[in-house]
$ cat entry-v4.txt   # compact mmCIF, N, CA and C atoms
# COMPACT_ATOMS: atom_id res chain seq x y z
N MET A 1 28.85 -16.95 3.88
CA MET A 1 28.01 -16.79 2.73
C MET A 1 27.15 -15.54 2.91
N LYS A 2 27.01 -14.77 1.88
CA LYS A 2 26.27 -13.52 1.93
C LYS A 2 24.77 -13.78 1.78
N HIS A 3 23.98 -13.08 2.60
CA HIS A 3 22.53 -13.23 2.55
C HIS A 3 21.97 -12.55 1.30
N ARG A 4 21.11 -13.25 0.58
CA ARG A 4 20.46 -12.68 -0.59
C ARG A 4 18.97 -12.57 -0.33
N PRO A 5 18.36 -11.45 -0.70
CA PRO A 5 16.91 -11.36 -0.53
C PRO A 5 16.19 -12.32 -1.47
N PRO A 6 15.01 -12.80 -1.08
CA PRO A 6 14.28 -13.72 -1.96
C PRO A 6 13.85 -13.01 -3.23
N PRO A 7 13.72 -13.73 -4.31
CA PRO A 7 13.24 -13.11 -5.54
C PRO A 7 11.83 -12.54 -5.33
N PRO A 8 11.44 -11.52 -6.09
CA PRO A 8 10.14 -10.88 -5.86
C PRO A 8 8.94 -11.82 -6.01
N GLU A 9 9.05 -12.84 -6.82
CA GLU A 9 7.91 -13.72 -7.03
C GLU A 9 7.78 -14.77 -5.94
N GLN A 10 8.79 -14.91 -5.07
CA GLN A 10 8.75 -15.91 -4.00
C GLN A 10 8.07 -15.32 -2.77
N ASP A 11 7.02 -15.96 -2.28
CA ASP A 11 6.29 -15.50 -1.11
C ASP A 11 6.97 -15.98 0.16
N ASP A 12 6.76 -15.24 1.23
CA ASP A 12 7.22 -15.65 2.55
C ASP A 12 6.23 -16.69 3.07
N LEU A 13 6.73 -17.85 3.44
CA LEU A 13 5.87 -18.95 3.85
C LEU A 13 5.13 -18.69 5.16
N LEU A 14 5.69 -17.85 6.03
CA LEU A 14 5.10 -17.63 7.34
C LEU A 14 4.18 -16.42 7.40
N ARG A 15 4.22 -15.57 6.39
CA ARG A 15 3.37 -14.37 6.40
C ARG A 15 2.53 -14.32 5.14
N PRO A 16 1.21 -14.28 5.30
CA PRO A 16 0.35 -14.18 4.12
C PRO A 16 0.46 -12.78 3.51
N ARG A 17 0.23 -12.70 2.22
CA ARG A 17 0.27 -11.42 1.54
C ARG A 17 -0.95 -10.60 1.92
N LEU A 18 -0.81 -9.29 1.94
CA LEU A 18 -1.90 -8.41 2.34
C LEU A 18 -3.10 -8.56 1.41
N VAL A 19 -2.86 -8.73 0.13
CA VAL A 19 -3.96 -8.88 -0.82
C VAL A 19 -4.77 -10.14 -0.54
N ASP A 20 -4.18 -11.12 0.09
CA ASP A 20 -4.90 -12.34 0.45
C ASP A 20 -5.74 -12.16 1.70
N LEU A 21 -5.44 -11.15 2.52
CA LEU A 21 -6.18 -10.91 3.75
C LEU A 21 -7.37 -9.99 3.56
N ILE A 22 -7.34 -9.15 2.54
CA ILE A 22 -8.37 -8.13 2.34
C ILE A 22 -9.49 -8.68 1.48
N ASP A 23 -10.72 -8.43 1.93
CA ASP A 23 -11.89 -8.79 1.14
C ASP A 23 -12.13 -7.66 0.14
N LEU A 24 -11.87 -7.89 -1.13
CA LEU A 24 -11.97 -6.85 -2.15
C LEU A 24 -13.41 -6.41 -2.41
N ARG A 25 -14.39 -7.12 -1.86
CA ARG A 25 -15.78 -6.74 -2.01
C ARG A 25 -16.27 -5.87 -0.85
N HIS A 26 -15.40 -5.60 0.12
CA HIS A 26 -15.78 -4.80 1.28
C HIS A 26 -16.06 -3.36 0.86
N GLU A 27 -16.97 -2.69 1.59
CA GLU A 27 -17.38 -1.33 1.25
C GLU A 27 -16.23 -0.34 1.29
N LEU A 28 -15.33 -0.48 2.26
CA LEU A 28 -14.21 0.46 2.35
C LEU A 28 -13.21 0.28 1.22
N VAL A 29 -13.05 -0.92 0.75
CA VAL A 29 -12.17 -1.17 -0.40
C VAL A 29 -12.77 -0.53 -1.64
N THR A 30 -14.09 -0.69 -1.80
CA THR A 30 -14.78 -0.06 -2.93
C THR A 30 -14.66 1.45 -2.85
N LEU A 31 -14.84 2.02 -1.67
CA LEU A 31 -14.72 3.46 -1.49
C LEU A 31 -13.31 3.95 -1.82
N ALA A 32 -12.31 3.20 -1.41
CA ALA A 32 -10.92 3.60 -1.66
C ALA A 32 -10.61 3.65 -3.16
N THR A 33 -11.28 2.83 -3.95
CA THR A 33 -11.05 2.87 -5.40
C THR A 33 -11.73 4.07 -6.03
N LEU A 34 -12.74 4.64 -5.37
CA LEU A 34 -13.46 5.78 -5.93
C LEU A 34 -12.83 7.12 -5.57
N ILE A 35 -11.98 7.16 -4.56
CA ILE A 35 -11.37 8.41 -4.10
C ILE A 35 -10.26 8.83 -5.06
N ASP A 36 -10.22 10.13 -5.37
CA ASP A 36 -9.17 10.69 -6.22
C ASP A 36 -7.97 11.02 -5.33
N TRP A 37 -7.07 10.06 -5.14
CA TRP A 37 -5.94 10.22 -4.22
C TRP A 37 -4.95 11.26 -4.71
N GLU A 38 -4.82 11.45 -6.02
CA GLU A 38 -3.90 12.45 -6.55
C GLU A 38 -4.33 13.85 -6.13
N PHE A 39 -5.63 14.09 -6.02
CA PHE A 39 -6.14 15.38 -5.56
C PHE A 39 -5.62 15.68 -4.16
N PHE A 40 -5.72 14.71 -3.25
CA PHE A 40 -5.24 14.91 -1.89
C PHE A 40 -3.73 15.13 -1.87
N GLU A 41 -3.00 14.40 -2.69
CA GLU A 41 -1.55 14.57 -2.73
C GLU A 41 -1.19 15.99 -3.19
N ARG A 42 -1.89 16.51 -4.19
CA ARG A 42 -1.63 17.87 -4.66
C ARG A 42 -2.00 18.90 -3.60
N GLU A 43 -3.17 18.75 -3.00
CA GLU A 43 -3.68 19.75 -2.06
C GLU A 43 -2.89 19.76 -0.74
N TRP A 44 -2.43 18.61 -0.29
CA TRP A 44 -1.76 18.52 0.99
C TRP A 44 -0.24 18.53 0.89
N ALA A 45 0.30 18.64 -0.30
CA ALA A 45 1.76 18.59 -0.47
C ALA A 45 2.45 19.71 0.30
N GLY A 46 1.84 20.86 0.40
CA GLY A 46 2.45 21.98 1.12
C GLY A 46 2.57 21.76 2.61
N PHE A 47 1.75 20.91 3.17
CA PHE A 47 1.80 20.62 4.61
C PHE A 47 2.93 19.65 4.96
N PHE A 48 3.43 18.95 3.97
CA PHE A 48 4.48 17.95 4.20
C PHE A 48 5.64 18.22 3.23
N PRO A 49 6.45 19.27 3.51
CA PRO A 49 7.48 19.67 2.54
C PRO A 49 8.63 18.68 2.39
N SER A 50 8.92 17.87 3.39
CA SER A 50 10.04 16.94 3.31
C SER A 50 9.62 15.67 2.57
N ALA A 51 10.48 15.18 1.70
CA ALA A 51 10.20 13.95 0.99
C ALA A 51 10.93 12.76 1.62
N THR A 52 11.55 12.98 2.80
CA THR A 52 12.35 11.92 3.42
C THR A 52 11.73 11.40 4.70
N GLY A 53 10.42 11.37 4.78
CA GLY A 53 9.76 10.84 5.97
C GLY A 53 9.19 11.92 6.84
N ARG A 54 9.01 11.63 8.12
CA ARG A 54 8.40 12.59 9.03
C ARG A 54 9.34 13.74 9.19
$ encode --input "entry-v4.txt" --output "structure tokens"
Amino acid sequence: MKHRPPPPEQDDLLRPRLVDLIDLRHELVTLATLIDWEFFEREWAGFFPSATGR
């Protein structure tokens, strides 16, 4: 029988989801929502020319 991946809505019973582990009220989470990540992607794109990993 061929292995099928679980449907996207089915959670892994042994591993909690990352969103369940993070306190969304933490200062670093708040800071991460305020940062303009697209700016960094544009500015640093020249330093990482390959789109296939390291």
$ select_by_dssp --input "entry-v4.txt" --residues "chain A" --states "helix (DSSP H, G or I)" --output "ChimeraX atom specification"
/A:18-21,27-34,37-47
$ atom_distance --input "entry-v4.txt" --atom1 "atom N of A:Phe39" --atom2 "atom N of A:Arg17"
28.6 Å
$ atom_distance --input "entry-v4.txt" --atom1 "atom C of A:Ile22" --atom2 "atom N of A:Leu34"
15.3 Å
$ build_atoms --input "entry-v4.txt" --residues "stretch 28-49 of chain A" --atoms "N, CA, C and O atoms" --output "mmCIF file, in the coordinates of the input"
data_model
loop_
_atom_site.group_PDB
_atom_site.id
_atom_site.type_symbol
_atom_site.label_atom_id
_atom_site.label_comp_id
_atom_site.auth_asym_id
_atom_site.auth_seq_id
_atom_site.Cartn_x
_atom_site.Cartn_y
_atom_site.Cartn_z
ATOM 1 N N LEU A 28 -15.330 -0.480 2.260
ATOM 2 C CA LEU A 28 -14.210 0.460 2.350
ATOM 3 C C LEU A 28 -13.210 0.280 1.220
ATOM 4 O O LEU A 28 -12.598 1.240 0.764
ATOM 5 N N VAL A 29 -13.050 -0.920 0.750
ATOM 6 C CA VAL A 29 -12.170 -1.170 -0.400
ATOM 7 C C VAL A 29 -12.770 -0.530 -1.640
ATOM 8 O O VAL A 29 -12.081 0.113 -2.430
ATOM 9 N N THR A 30 -14.090 -0.690 -1.800
ATOM 10 C CA THR A 30 -14.780 -0.060 -2.930
ATOM 11 C C THR A 30 -14.660 1.450 -2.850
ATOM 12 O O THR A 30 -14.400 2.124 -3.860
ATOM 13 N N LEU A 31 -14.840 2.020 -1.670
ATOM 14 C CA LEU A 31 -14.720 3.460 -1.490
ATOM 15 C C LEU A 31 -13.310 3.950 -1.820
ATOM 16 O O LEU A 31 -13.132 4.985 -2.459
ATOM 17 N N ALA A 32 -12.310 3.200 -1.410
ATOM 18 C CA ALA A 32 -10.920 3.600 -1.660
ATOM 19 C C ALA A 32 -10.610 3.650 -3.160
ATOM 20 O O ALA A 32 -9.782 4.446 -3.589
ATOM 21 N N THR A 33 -11.280 2.830 -3.950
ATOM 22 C CA THR A 33 -11.050 2.870 -5.400
ATOM 23 C C THR A 33 -11.730 4.070 -6.030
ATOM 24 O O THR A 33 -11.335 4.490 -7.120
ATOM 25 N N LEU A 34 -12.740 4.640 -5.370
ATOM 26 C CA LEU A 34 -13.460 5.780 -5.930
ATOM 27 C C LEU A 34 -12.830 7.120 -5.570
ATOM 28 O O LEU A 34 -13.130 8.130 -6.206
ATOM 29 N N ILE A 35 -11.980 7.160 -4.560
ATOM 30 C CA ILE A 35 -11.370 8.410 -4.100
ATOM 31 C C ILE A 35 -10.260 8.830 -5.060
ATOM 32 O O ILE A 35 -9.446 8.013 -5.496
ATOM 33 N N ASP A 36 -10.220 10.130 -5.370
ATOM 34 C CA ASP A 36 -9.170 10.690 -6.220
ATOM 35 C C ASP A 36 -7.970 11.020 -5.330
ATOM 36 O O ASP A 36 -7.842 12.124 -4.793
ATOM 37 N N TRP A 37 -7.070 10.060 -5.140
ATOM 38 C CA TRP A 37 -5.940 10.220 -4.220
ATOM 39 C C TRP A 37 -4.950 11.260 -4.710
ATOM 40 O O TRP A 37 -4.285 11.912 -3.899
ATOM 41 N N GLU A 38 -4.820 11.450 -6.020
ATOM 42 C CA GLU A 38 -3.900 12.450 -6.550
ATOM 43 C C GLU A 38 -4.330 13.850 -6.130
ATOM 44 O O GLU A 38 -3.490 14.723 -5.896
ATOM 45 N N PHE A 39 -5.630 14.090 -6.020
ATOM 46 C CA PHE A 39 -6.140 15.380 -5.560
ATOM 47 C C PHE A 39 -5.620 15.680 -4.160
ATOM 48 O O PHE A 39 -5.136 16.776 -3.881
ATOM 49 N N PHE A 40 -5.720 14.710 -3.250
ATOM 50 C CA PHE A 40 -5.240 14.910 -1.890
ATOM 51 C C PHE A 40 -3.730 15.130 -1.870
ATOM 52 O O PHE A 40 -3.223 15.934 -1.089
ATOM 53 N N GLU A 41 -3.000 14.400 -2.690
ATOM 54 C CA GLU A 41 -1.550 14.570 -2.730
ATOM 55 C C GLU A 41 -1.190 15.990 -3.190
ATOM 56 O O GLU A 41 -0.285 16.605 -2.637
ATOM 57 N N ARG A 42 -1.890 16.510 -4.190
ATOM 58 C CA ARG A 42 -1.630 17.870 -4.660
ATOM 59 C C ARG A 42 -2.000 18.900 -3.600
ATOM 60 O O ARG A 42 -1.251 19.841 -3.338
ATOM 61 N N GLU A 43 -3.170 18.750 -3.000
ATOM 62 C CA GLU A 43 -3.680 19.750 -2.060
ATOM 63 C C GLU A 43 -2.890 19.760 -0.740
ATOM 64 O O GLU A 43 -2.740 20.793 -0.119
ATOM 65 N N TRP A 44 -2.430 18.610 -0.290
ATOM 66 C CA TRP A 44 -1.760 18.520 0.990
ATOM 67 C C TRP A 44 -0.240 18.530 0.890
ATOM 68 O O TRP A 44 0.449 18.458 1.904
ATOM 69 N N ALA A 45 0.300 18.640 -0.300
ATOM 70 C CA ALA A 45 1.760 18.590 -0.470
ATOM 71 C C ALA A 45 2.450 19.710 0.300
ATOM 72 O O ALA A 45 3.557 19.520 0.810
ATOM 73 N N GLY A 46 1.840 20.860 0.400
ATOM 74 C CA GLY A 46 2.450 21.980 1.120
ATOM 75 C C GLY A 46 2.570 21.760 2.610
ATOM 76 O O GLY A 46 3.422 22.365 3.281
ATOM 77 N N PHE A 47 1.750 20.910 3.170
ATOM 78 C CA PHE A 47 1.800 20.620 4.610
ATOM 79 C C PHE A 47 2.930 19.650 4.960
ATOM 80 O O PHE A 47 3.300 19.536 6.129
ATOM 81 N N PHE A 48 3.430 18.950 3.970
ATOM 82 C CA PHE A 48 4.480 17.950 4.200
ATOM 83 C C PHE A 48 5.640 18.220 3.230
ATOM 84 O O PHE A 48 5.819 17.510 2.254
ATOM 85 N N PRO A 49 6.450 19.270 3.510
ATOM 86 C CA PRO A 49 7.480 19.670 2.540
ATOM 87 C C PRO A 49 8.630 18.680 2.390
ATOM 88 O O PRO A 49 9.259 18.617 1.342
#
